[in-house]
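Written out below as C-alpha cells is the structure these notes cover.
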Amino acid sequence: MSARVLKSLTWAFALAFAALAPVALFAQASPSTMKAAPGDSPSKWDIFMGYSYLAPKGSVTTSPAIGSPVTANYNAVNVGGVVSGAYYFNRFIGAQAELGIHQWGTEKAGSSIGTHGNDDGFFTVAGGLIARFPNGNITPFIHGLIGGAQVSGPYHQAAKWGPGLTVGGGLDYETPFFDHRLAIRLFQADYEYMHADWGSGTYGGRANINAARLSTGVVFHVGSIVPPPPVTLACSASPESVFPGDPVTVTATAGSVEPKMNVLYSWSGTGASGNGTATTIATSSLDPGNYTVKGTVKEGKAGKEGLKPGQSADCSASFTVKAFEPPTISCSANPDTIKPGESATVTSVGMSPQNRPLTYAYSAASGSISGAGTSATYASAGASPGGIPITCNVSDDKGHTANSSTMVTITAPPPPVVVEPSPEIKQLEARLALHSIFFPTDLPKIKNPEGGLLASQQATLTTLATDFKRYLELKPGAHLTLAGHADKRGTAEYNQALSERRVSRTKQFLVSQGVSESAIETQGLGFEQNLTADEVKGLVEQNPDLSDAERAKVLHKLNVIVLAQNRRVDIVLSTTGQQSVRLYPFNAADSLTLLDEKGPGTGKKAAVKKAK
C-alpha cells in the first residue's frame, strides 16, 4: 500500500467522522431523546465505522495514444473502509448516510487499470432508508442507498464521478458490557452498482461496475427511541362519606389511551362490578367503616389477549360508611292547662339525620293518650288535678330512639257545695292565701338536698304549717300540692331534677313542722311552665310592697327578676283550689341572696339592690 493512498484513506475517515460527530452530539443533547435509559428502547442514532472489502466486476476499453484499444478490468480492493450514520424515526425505520473508501488495488502489467500508475479506486457517497428489527441483543437490518461514486480513470485520466446504488443488509450484536452504547457489526453485505464515463478519445471510455462489498466494524448508539407513555388511571368516589343505604359512585378516568385501541374497564372490591368507566355501590348491607374499590383499565386490539407492557393500569378509591345517628324529638301540648274531663292535643316534631322513616309513641303519667303519628290526643278522665307529665317517643327503622316530654296541667275542680263553713275555717282559709316559696340559684344541690331554704322562706313555711295543721283538724281530707320550677338556664334534664329537689325540700320542711306527709303531693315541672317576662312584669307592677321608685328600679333589671321569679315552689290548697300568690319577697332580709344570678358564695353581688 502506497503512502499516498494510506494518507488519503486516513483523511477520508477523519473527515467523515468530523462531519457525523456534531450531528450525533446534537441528537444526544436534543430534548427529543427525552433522556431514556440505555437499553430501554432502540437507539435514536447509529454510527458505524469499519473495515470493508470490495469485489468489483467491470472493465474499461480505452484507446492509448500509441497502440491499439486496450480493455482493462477492475481488481478487488482488499483494504477499505465504510463510515455511516443512521437517524431513526421510530423503532424500525430511519434515514442513513454512508461514505465508502476503497483506494487500494493490485497493479497488473499490460491490462490493469493501474498500468500507468493509477491504482484501482472507488469513493462512494450515498443516502437512503434503513430498516432494522431489534430482537434482544441481535438486530438485523436492510438498507437501500442512492448517491454518487468516484471511480478511478483509465491510465492517466482523473477519477470520474457517476451515479451509484447500494442495496444490502447485515447483522449487529449488542454488547451489554458497554451499557448498550456499542455494538459489533458482525457483517454487512451489499451489492453496489457504479457508473463512470470519461468520454471518447484518448484514454476515454465508459465503466459499468457491479460490485459485492463485505464490511465489519463497530456501531456506536446515541440517544433512544422513547416508548409511548404508559396508560394511566385515576379513581374517585362520590360522595366519599355516606350513611348505610346511600349509594356511592366510583368513577375511573384513563389517560394516554391509544385512540385506535380498544379499552376495557373492570372493577373489584366491596359491591363493585361492571366494565364501564363507573360503578355504583349499594351500602344498605355494609357495616360502618372504610372501604376500598379497585379499578383496572386494559388497552389492546379487539379479540387479542396478552397486552403489551404499559397498556394496563390500576387505581383505587376509598369511601366511608358512617354509623347511624339517633333521631331527635320535641313535643308540646295545646292547651297546656285544662279542666278535669277536658282533652289536649300533643304535637311532636321528630327528625332523623339520615332521613329514615320514623314511628311515634306516647305515654302519660295519668289519664290516657291515643295516637301514633306526629299528633296525639290526651284525655284527662281519671287524672287528678295538677301537672301531668307526657312522654313522646320516636324510633327509626334501625332501632334508634329518642324521647321528649311535655306537661298538661289539670286545674282543680270547683269545690262541692257544702254547708257554710264555720267562722274559724273561713279565717284559716283566709290566712292560707299562701305565698310561693323562692330558692336561690341552683339550690338545693344534689350533694346537699336539705339546703336551699333561706330564713325568710322558712318563716313563710312555718306560718303555713301552723295554719294548715289546724285546718286539717277541721278538714281532714284537705291536702297541699307543691309544684316546683327552675329558671331557663341548664338542660331540661337538669332543671327537672332541680325542681324535684325543691319540692322535696319544701315538703321535708313542712313535715318537720308537724304536717302529715300524706297530706302533701309534689310535682317537679322543670322550666316547662316558666313565667314569661310580661307575666313577671305584671306581678311586679301589682306588688303592694313596692313603692313607685322601688318598682321602677326593679323593672330596670327585669331579666334578673324573671330568672328569680321562676326559682320557686307554688302551693295549691285542694279544698279551695287557691294557688299561692307569686309575689316576690323583695323586702326580705335575704332577698339579695335570692336574687343573685350566680348563687350563694360566688362573691358576685345581686344585680338588683334591696328595696328597703
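Naming works like this for the C-alpha cells: A, B, ... for the chains as they're shown, residue 1 at the start of each chain, ligands 1 onward in shown order.
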Inset, instruction - Quick one: everything within 9 Å of A:Cys392, counting only C-alpha atoms, minus sequence neighbours fewer than 2 positions away in the same chain. Send it as a PyMOL selection string. - result: chain A and resi 329-331+346-348+360-364+390+394+402-406
Please, could you write that set of residues out with N, CA and C atoms as a CSV table (one decimal), in the first residue's frame?
```
chain,number,residue,atom,x,y,z
A,329,ILE,N,-86.4,14.5,69.0
A,329,ILE,CA,-87.8,14.8,69.0
A,329,ILE,C,-88.0,15.9,70.0
A,330,SER,N,-89.0,16.8,69.8
A,330,SER,CA,-89.5,17.7,70.7
A,330,SER,C,-91.0,17.7,70.7
A,331,CYS,N,-91.7,18.0,71.8
A,331,CYS,CA,-93.2,17.9,71.8
A,331,CYS,C,-93.7,19.0,72.7
A,346,VAL,N,-101.4,16.8,71.7
A,346,VAL,CA,-99.9,16.7,71.9
A,346,VAL,C,-99.3,16.6,70.5
A,347,THR,N,-98.4,17.5,70.2
A,347,THR,CA,-97.8,17.5,68.9
A,347,THR,C,-96.3,17.3,69.0
A,348,SER,N,-95.7,16.4,68.2
A,348,SER,CA,-94.3,16.0,68.2
A,348,SER,C,-93.7,16.4,66.9
A,360,TYR,N,-93.9,7.0,66.0
A,360,TYR,CA,-94.1,7.8,67.2
A,360,TYR,C,-94.9,7.0,68.2
A,361,ALA,N,-94.7,7.2,69.5
A,361,ALA,CA,-95.4,6.6,70.6
A,361,ALA,C,-95.5,7.6,71.7
A,362,TYR,N,-96.6,7.5,72.5
A,362,TYR,CA,-96.9,8.4,73.6
A,362,TYR,C,-97.3,7.7,74.9
A,363,SER,N,-97.0,8.3,76.0
A,363,SER,CA,-97.5,7.8,77.3
A,363,SER,C,-97.7,9.0,78.2
A,364,ALA,N,-98.6,8.8,79.2
A,364,ALA,CA,-99.0,9.8,80.2
A,364,ALA,C,-99.0,9.2,81.6
A,390,ILE,N,-96.2,14.1,80.2
A,390,ILE,CA,-96.5,13.3,79.0
A,390,ILE,C,-95.2,13.0,78.3
A,394,VAL,N,-89.9,8.6,69.8
A,394,VAL,CA,-89.7,8.4,68.4
A,394,VAL,C,-88.6,7.4,68.1
A,402,ALA,N,-85.4,8.1,70.6
A,402,ALA,CA,-85.3,9.4,71.3
A,402,ALA,C,-86.6,9.7,72.0
A,403,ASN,N,-86.6,10.5,73.1
A,403,ASN,CA,-87.8,10.9,73.7
A,403,ASN,C,-87.7,12.3,74.2
A,404,SER,N,-88.9,12.9,74.4
A,404,SER,CA,-89.0,14.3,75.0
A,404,SER,C,-90.3,14.2,75.9
A,405,SER,N,-90.5,15.3,76.6
A,405,SER,CA,-91.7,15.4,77.5
A,405,SER,C,-92.3,16.7,77.5
A,406,THR,N,-93.5,16.7,77.8
A,406,THR,CA,-94.3,18.0,78.0
A,406,THR,C,-95.2,17.8,79.2
```
Legend entry - Who sits within 8 Å of stretch 134-140 of chain A, only C-alpha atoms, same chain under 4 positions skipped, as a list in words: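 The residues that qualify are Pro42, Arg91, Phe92, Gly169, Gly170, Leu171, Asp172, Tyr173, Glu174 and Thr175 of chain A.
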What would the file look like if the residues just selected were written as an mmCIF file, in the first residue's frame with C-alpha atoms?
```
data_model
loop_
_atom_site.group_PDB
_atom_site.id
_atom_site.type_symbol
_atom_site.label_atom_id
_atom_site.label_comp_id
_atom_site.auth_asym_id
_atom_site.auth_seq_id
_atom_site.Cartn_x
_atom_site.Cartn_y
_atom_site.Cartn_z
ATOM 1 C CA PRO A 42 -33.620 1.139 20.436
ATOM 2 C CA ARG A 91 -38.196 1.773 16.481
ATOM 3 C CA PHE A 92 -37.726 0.349 12.966
ATOM 4 C CA GLY A 169 -28.182 -5.647 4.885
ATOM 5 C CA GLY A 170 -26.396 -7.054 7.862
ATOM 6 C CA LEU A 171 -26.464 -8.112 11.496
ATOM 7 C CA ASP A 172 -25.455 -6.198 14.656
ATOM 8 C CA TYR A 173 -24.698 -7.715 18.046
ATOM 9 C CA GLU A 174 -25.292 -5.561 21.171
ATOM 10 C CA THR A 175 -22.509 -5.500 23.771
#
```
Legend entry - Separation of atom CA of A:Ala383 from atom CA of A:Ile571, in Å and rounded to one decimal: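 Result for atom CA of A:Ala383 versus atom CA of A:Ile571: 18.8 Å, one decimal.
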Legend entry - Between atom CA of A:Asp545 and atom CA of A:Ile437, distance in Å (one decimal): 16.7 Å
Inset, instruction - Write out as a ChimeraX atom specification the residues lying within 9 Å of stretch 43-56 of chain A, counting only C-alpha atoms and excluding same-chain residues fewer than 6 positions away. - result: /A:13,17,20-21,24,27-28,33,74-91,94,100-102,181,185,188,192,209-226
Export of the given selection (C-alpha atoms) as a tab-separated table (two decimals), in the first residue's frame:
```tsv
chain	number	residue	atom	x	y	z
A	13	PHE	CA	-12.09	8.60	7.63
A	17	PHE	CA	-16.21	11.23	11.40
A	20	LEU	CA	-21.10	12.99	11.60
A	21	ALA	CA	-19.89	13.75	15.13
A	24	ALA	CA	-24.58	12.77	16.79
A	27	ALA	CA	-29.03	14.28	18.81
A	28	GLN	CA	-27.58	13.26	22.18
A	33	THR	CA	-34.36	11.99	23.07
A	74	TYR	CA	-11.05	-3.54	-12.23
A	75	ASN	CA	-9.40	-5.51	-9.48
A	76	ALA	CA	-10.66	-6.37	-5.95
A	77	VAL	CA	-9.79	-3.93	-3.20
A	78	ASN	CA	-8.75	-5.91	-0.16
A	79	VAL	CA	-8.47	-3.00	2.26
A	80	GLY	CA	-11.16	-0.30	2.51
A	81	GLY	CA	-13.39	1.47	4.97
A	82	VAL	CA	-17.03	2.43	5.44
A	83	VAL	CA	-18.45	5.15	7.69
A	84	SER	CA	-22.23	5.61	8.01
A	85	GLY	CA	-24.72	7.43	10.19
A	86	ALA	CA	-28.38	6.47	10.61
A	87	TYR	CA	-31.16	8.51	12.24
A	88	TYR	CA	-34.28	6.51	13.23
A	89	PHE	CA	-37.72	7.99	13.11
A	90	ASN	CA	-39.13	5.20	15.25
A	91	ARG	CA	-38.20	1.77	16.48
A	94	GLY	CA	-34.61	5.52	9.70
A	100	GLY	CA	-17.17	4.33	1.37
A	101	ILE	CA	-13.45	4.49	0.57
A	102	HIS	CA	-11.65	1.75	-1.42
A	181	ARG	CA	-23.85	2.02	23.76
A	185	ARG	CA	-21.45	-5.29	13.20
A	188	GLN	CA	-22.68	-6.07	6.27
A	192	GLU	CA	-23.11	-1.83	-5.38
A	209	ILE	CA	-19.41	-1.77	-12.40
A	210	ASN	CA	-21.32	-4.36	-10.38
A	211	ALA	CA	-19.60	-4.91	-7.05
A	212	ALA	CA	-20.01	-7.07	-3.98
A	213	ARG	CA	-18.99	-5.42	-0.71
A	214	LEU	CA	-18.41	-7.04	2.66
A	215	SER	CA	-17.88	-4.93	5.78
A	216	THR	CA	-17.47	-5.34	9.52
A	217	GLY	CA	-16.75	-2.98	12.41
A	218	VAL	CA	-18.34	-1.26	15.39
A	219	VAL	CA	-21.62	0.66	15.83
A	220	PHE	CA	-21.98	3.50	18.31
A	221	HIS	CA	-25.54	4.01	19.73
A	222	VAL	CA	-26.59	7.56	20.60
A	223	GLY	CA	-29.92	8.57	22.21
A	224	SER	CA	-33.00	6.36	22.32
A	225	ILE	CA	-36.45	5.99	20.81
A	226	VAL	CA	-38.79	6.91	23.69
```
Inset, instruction - To one decimal in Å, tell me the separation between atom CA of A:Lys398 and atom CA of A:Val248. - result: 20.4 Å
Inset, instruction - Mind the document's chain letters and residue numbers, and return as a ChimeraX atom specification the residues of stretch 158-230 of chain A that DSSP labels strand (DSSP E or B). - result: /A:160-174,182-199,202,205-222
